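Working notes, structure below.
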Amino acid sequence: MPCVSNIFHLLFFFCKNSNINHLYLYSFLVKIKYFWFQISKSKMKNYSIEIKWAIRFSLLTLAWAIGEKFVGLHDERIADYALYTNLFGLPALLFFVMALKEKKKYFFNGTMTWTQGFVSGVILSFIIALLTPLTQYVIYKSITPHFFETIIAYKLKSGFITEAVAQQYFNLKTYMFQNSFSNLSLGICTGALVSLFIRTKK
């Protein structure tokens, strides 16, 4: 799995080749790297695997948003956005599998019960949920600052929604809350399911 530094360079490469405000993204990545450095020296090493994968998940979220922006799903292909953005669930599931496998191998020495895996998944989901408002802010302020204007215009053109409802639903505050809740709830469910398959069977 690539380290945070490698992911950082990859994301910044895409930024330079896209119409993206570098400042917010660069600041976010620097803070994440500093946060991980502090964690590695603290007494929270028991949860270092969950924290590490939560950071990686956040970087994956940014990379996915950059990819969507790059292929036009946030502007000229906005009609396809709802369909393709749900594909994010596939790499998200893979990340949970790899995170819990690493927890089993290196923390529980190859023997992990379902309960231990589930608790680890809950912790991972909680940290991801805590980081979600920050990642959402970076996405919609730096990567795709005109997303809400574009999708509101598209929804109004379709005629299935009023402007008041569109303004209420498609905004940064709502997306922060909804994605935080979704990451927490879906993450817990995913952790429970993944733990069922990778637990040590007696």
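Going through the structure tokens in order, the chains are called A, B, and so on, while each chain numbers its residues from 1 and the ligands are numbered from 1 in the order shown.
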Compile the contact shell of Gln167 (chain A) as a ChimeraX atom specification: residues with an atom at most 12 Å away, counting only C-alpha atoms, same-chain residues fewer than 2 positions apart removed.
/A:148-153,155-156,161-165,169-175
Using only C-alpha atoms, find each residue of region 109-190 of chain A with at least one atom at most 7 Å away from an atom of region 44-60 of chain A; report its shortest atom-to-atom pair and that distance in Å (one decimal), sort the rows by chain and rising residue number, and return the result as JSON lines.
```
{"residue": "A:Ser120", "atom": "CA", "partner": "A:Glu50", "partner_atom": "CA", "distance": 7.0}
{"residue": "A:Ile123", "atom": "CA", "partner": "A:Glu50", "partner_atom": "CA", "distance": 6.7}
{"residue": "A:Leu124", "atom": "CA", "partner": "A:Glu50", "partner_atom": "CA", "distance": 4.8}
{"residue": "A:Ile127", "atom": "CA", "partner": "A:Ala54", "partner_atom": "CA", "distance": 6.1}
{"residue": "A:Ile128", "atom": "CA", "partner": "A:Ala54", "partner_atom": "CA", "distance": 5.0}
{"residue": "A:Thr135", "atom": "CA", "partner": "A:Ser58", "partner_atom": "CA", "distance": 6.5}
```
Just the residues within 10 Å of region 85-90 of chain A, please, counting only C-alpha atoms, with nothing from its chain fewer than 2 positions along; format it as a PyMOL selection string.
chain A and resi 60-61+64-65+68+73+80-83+92-95+186
Include N, CA and C atoms and write out the residues we just selected as a PDB file, in the first residue's frame.
```
ATOM      1  N   LEU A  60      -8.126   8.801  -0.382  1.00  0.00           N
ATOM      2  CA  LEU A  60      -8.849   8.127  -1.464  1.00  0.00           C
ATOM      3  C   LEU A  60     -10.062   8.946  -1.887  1.00  0.00           C
ATOM      4  N   THR A  61     -10.771   9.500  -0.911  1.00  0.00           N
ATOM      5  CA  THR A  61     -11.940  10.334  -1.201  1.00  0.00           C
ATOM      6  C   THR A  61     -11.548  11.544  -2.045  1.00  0.00           C
ATOM      7  N   TRP A  64     -10.652  10.355  -5.554  1.00  0.00           N
ATOM      8  CA  TRP A  64     -11.867  10.019  -6.305  1.00  0.00           C
ATOM      9  C   TRP A  64     -12.551  11.288  -6.818  1.00  0.00           C
ATOM     10  N   ALA A  65     -12.619  12.301  -5.955  1.00  0.00           N
ATOM     11  CA  ALA A  65     -13.234  13.572  -6.362  1.00  0.00           C
ATOM     12  C   ALA A  65     -12.454  14.218  -7.497  1.00  0.00           C
ATOM     13  N   GLU A  68     -13.322  12.305 -10.621  1.00  0.00           N
ATOM     14  CA  GLU A  68     -14.641  12.696 -11.125  1.00  0.00           C
ATOM     15  C   GLU A  68     -14.576  14.041 -11.843  1.00  0.00           C
ATOM     16  N   LEU A  73     -17.479  14.697 -14.629  1.00  0.00           N
ATOM     17  CA  LEU A  73     -18.720  14.361 -13.929  1.00  0.00           C
ATOM     18  C   LEU A  73     -19.251  15.502 -13.069  1.00  0.00           C
ATOM     19  N   ASP A  80     -24.457  12.145 -15.444  1.00  0.00           N
ATOM     20  CA  ASP A  80     -23.985  10.800 -15.103  1.00  0.00           C
ATOM     21  C   ASP A  80     -23.394  10.725 -13.697  1.00  0.00           C
ATOM     22  N   TYR A  81     -23.351  11.845 -13.012  1.00  0.00           N
ATOM     23  CA  TYR A  81     -22.680  11.906 -11.708  1.00  0.00           C
ATOM     24  C   TYR A  81     -23.272  10.921 -10.699  1.00  0.00           C
ATOM     25  N   ALA A  82     -24.590  10.923 -10.558  1.00  0.00           N
ATOM     26  CA  ALA A  82     -25.242  10.077  -9.552  1.00  0.00           C
ATOM     27  C   ALA A  82     -24.943   8.599  -9.767  1.00  0.00           C
ATOM     28  N   LEU A  83     -24.813   8.200 -11.023  1.00  0.00           N
ATOM     29  CA  LEU A  83     -24.547   6.799 -11.341  1.00  0.00           C
ATOM     30  C   LEU A  83     -23.120   6.403 -10.978  1.00  0.00           C
ATOM     31  N   ALA A  92     -13.821   1.627  -1.471  1.00  0.00           N
ATOM     32  CA  ALA A  92     -14.051   1.820  -0.037  1.00  0.00           C
ATOM     33  C   ALA A  92     -14.121   0.474   0.677  1.00  0.00           C
ATOM     34  N   LEU A  93     -14.822  -0.475   0.077  1.00  0.00           N
ATOM     35  CA  LEU A  93     -14.906  -1.822   0.640  1.00  0.00           C
ATOM     36  C   LEU A  93     -13.529  -2.474   0.687  1.00  0.00           C
ATOM     37  N   LEU A  94     -12.766  -2.311  -0.380  1.00  0.00           N
ATOM     38  CA  LEU A  94     -11.420  -2.877  -0.437  1.00  0.00           C
ATOM     39  C   LEU A  94     -10.539  -2.306   0.671  1.00  0.00           C
ATOM     40  N   PHE A  95     -10.672  -1.020   0.935  1.00  0.00           N
ATOM     41  CA  PHE A  95      -9.888  -0.385   1.991  1.00  0.00           C
ATOM     42  C   PHE A  95     -10.234  -0.976   3.356  1.00  0.00           C
ATOM     43  N   LEU A 186     -22.482   3.334   7.294  1.00  0.00           N
ATOM     44  CA  LEU A 186     -22.087   2.320   6.315  1.00  0.00           C
ATOM     45  C   LEU A 186     -20.762   1.673   6.692  1.00  0.00           C
TER      46      LEU A 186
END
```
Among region 44-195 of chain A, which residues does DSSP mark as alpha helix (DSSP H) when it is run on the backbone? Keep the chain and numbering as in the structure and answer as a VMD selection string.
chain A and resid 48 to 70 81 to 85 89 to 102 114 to 138 147 to 158 163 to 169 172 to 195
Just-selected residues, C-alpha atoms written as a compact mmCIF listing (two decimals), in the first residue's frame:
```txt
# COMPACT_ATOMS: atom_id res chain seq x y z
CA SER A 48 -2.53 3.55 14.76
CA ILE A 49 -3.77 1.09 12.13
CA GLU A 50 -7.30 2.50 12.23
CA ILE A 51 -5.98 6.08 12.14
CA LYS A 52 -3.62 5.27 9.26
CA TRP A 53 -6.38 3.71 7.18
CA ALA A 54 -8.81 6.52 8.01
CA ILE A 55 -6.24 8.97 6.64
CA ARG A 56 -5.78 6.80 3.57
CA PHE A 57 -9.55 6.64 3.14
CA SER A 58 -9.70 10.44 3.27
CA LEU A 59 -6.97 10.67 0.64
CA LEU A 60 -8.85 8.13 -1.46
CA THR A 61 -11.94 10.33 -1.20
CA LEU A 62 -9.95 13.32 -2.47
CA ALA A 63 -8.42 11.27 -5.28
CA TRP A 64 -11.87 10.02 -6.31
CA ALA A 65 -13.23 13.57 -6.36
CA ILE A 66 -10.29 14.68 -8.50
CA GLY A 67 -10.97 11.78 -10.85
CA GLU A 68 -14.64 12.70 -11.13
CA LYS A 69 -13.71 16.29 -11.84
CA PHE A 70 -11.08 15.21 -14.37
CA TYR A 81 -22.68 11.91 -11.71
CA ALA A 82 -25.24 10.08 -9.55
CA LEU A 83 -24.55 6.80 -11.34
CA TYR A 84 -20.76 6.78 -11.30
CA THR A 85 -20.15 8.36 -7.90
CA GLY A 89 -18.22 1.89 -2.70
CA LEU A 90 -15.93 -0.67 -4.37
CA PRO A 91 -12.55 0.83 -3.40
CA ALA A 92 -14.05 1.82 -0.04
CA LEU A 93 -14.91 -1.82 0.64
CA LEU A 94 -11.42 -2.88 -0.44
CA PHE A 95 -9.89 -0.38 1.99
CA PHE A 96 -11.92 -1.82 4.87
CA VAL A 97 -10.83 -5.34 3.97
CA MET A 98 -7.16 -4.35 3.86
CA ALA A 99 -7.41 -2.34 7.08
CA LEU A 100 -8.97 -5.16 9.09
CA LYS A 101 -6.61 -7.73 7.60
CA GLU A 102 -3.69 -5.58 8.70
CA TRP A 114 -15.52 -11.15 15.06
CA THR A 115 -15.98 -8.82 18.02
CA GLN A 116 -12.40 -7.57 17.80
CA GLY A 117 -12.77 -6.96 14.07
CA PHE A 118 -16.11 -5.25 14.56
CA VAL A 119 -14.73 -2.91 17.24
CA SER A 120 -11.80 -2.06 14.97
CA GLY A 121 -14.26 -1.33 12.16
CA VAL A 122 -16.30 0.94 14.42
CA ILE A 123 -13.18 2.88 15.44
CA LEU A 124 -12.08 3.16 11.81
CA SER A 125 -15.53 4.37 10.77
CA PHE A 126 -15.66 6.91 13.59
CA ILE A 127 -12.28 8.42 12.64
CA ILE A 128 -13.30 8.55 8.98
CA ALA A 129 -16.52 10.32 9.99
CA LEU A 130 -14.51 12.85 12.00
CA LEU A 131 -12.30 13.58 9.00
CA THR A 132 -15.21 13.74 6.55
CA PRO A 133 -16.22 17.40 7.09
CA LEU A 134 -12.64 18.43 6.39
CA THR A 135 -12.39 16.35 3.23
CA GLN A 136 -15.76 17.66 2.05
CA TYR A 137 -14.59 21.21 2.63
CA VAL A 138 -11.44 20.63 0.59
CA PHE A 147 -20.15 21.78 -8.17
CA PHE A 148 -23.22 22.93 -6.26
CA GLU A 149 -24.04 25.63 -8.79
CA THR A 150 -23.76 23.11 -11.61
CA ILE A 151 -25.83 20.36 -10.04
CA ILE A 152 -28.53 22.78 -8.88
CA ALA A 153 -28.81 24.14 -12.42
CA TYR A 154 -29.04 20.59 -13.77
CA LYS A 155 -31.72 19.56 -11.27
CA LEU A 156 -33.77 22.67 -11.99
CA LYS A 157 -33.51 22.02 -15.71
CA SER A 158 -34.80 18.49 -15.21
CA GLU A 163 -35.10 25.87 -6.49
CA ALA A 164 -35.78 26.12 -2.75
CA VAL A 165 -35.44 22.37 -2.27
CA ALA A 166 -32.33 22.23 -4.45
CA GLN A 167 -30.67 25.03 -2.49
CA GLN A 168 -31.52 23.30 0.77
CA TYR A 169 -30.15 19.93 -0.31
CA LEU A 172 -21.64 22.25 1.71
CA LYS A 173 -23.22 22.04 5.16
CA THR A 174 -25.70 19.37 4.09
CA TYR A 175 -23.03 17.34 2.30
CA MET A 176 -20.75 17.50 5.34
CA PHE A 177 -23.49 16.15 7.60
CA GLN A 178 -24.82 13.53 5.19
CA ASN A 179 -21.43 12.15 4.24
CA SER A 180 -20.25 12.05 7.85
CA PHE A 181 -23.35 10.10 8.85
CA SER A 182 -23.11 7.82 5.80
CA ASN A 183 -19.43 7.07 6.39
CA LEU A 184 -20.14 6.23 10.02
CA SER A 185 -23.22 4.07 9.49
CA LEU A 186 -22.09 2.32 6.31
CA GLY A 187 -18.60 1.91 7.74
CA ILE A 188 -19.92 0.14 10.83
CA CYS A 189 -22.03 -2.18 8.67
CA THR A 190 -19.10 -2.84 6.35
CA GLY A 191 -16.78 -3.53 9.27
CA ALA A 192 -19.26 -6.00 10.74
CA LEU A 193 -19.58 -7.82 7.42
CA VAL A 194 -15.86 -7.87 6.63
CA SER A 195 -15.04 -9.09 10.15
```
Which polymer residues have any atom within 10 Å of an atom of Thr113 (chain A), counting only C-alpha atoms, with same-chain residues fewer than 4 positions away left out, as a VMD selection string?
chain A and resid 104 108 117 to 118 195 to 196 198 to 202
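Rounded to one decimal, CA of Ile139 (chain A) and CA of Asp75 (chain A) lie 14.4 Å from each other.
For the pair CA of Gly72 (chain A) and CA of Lys141 (chain A), the separation is 17.1 Å.
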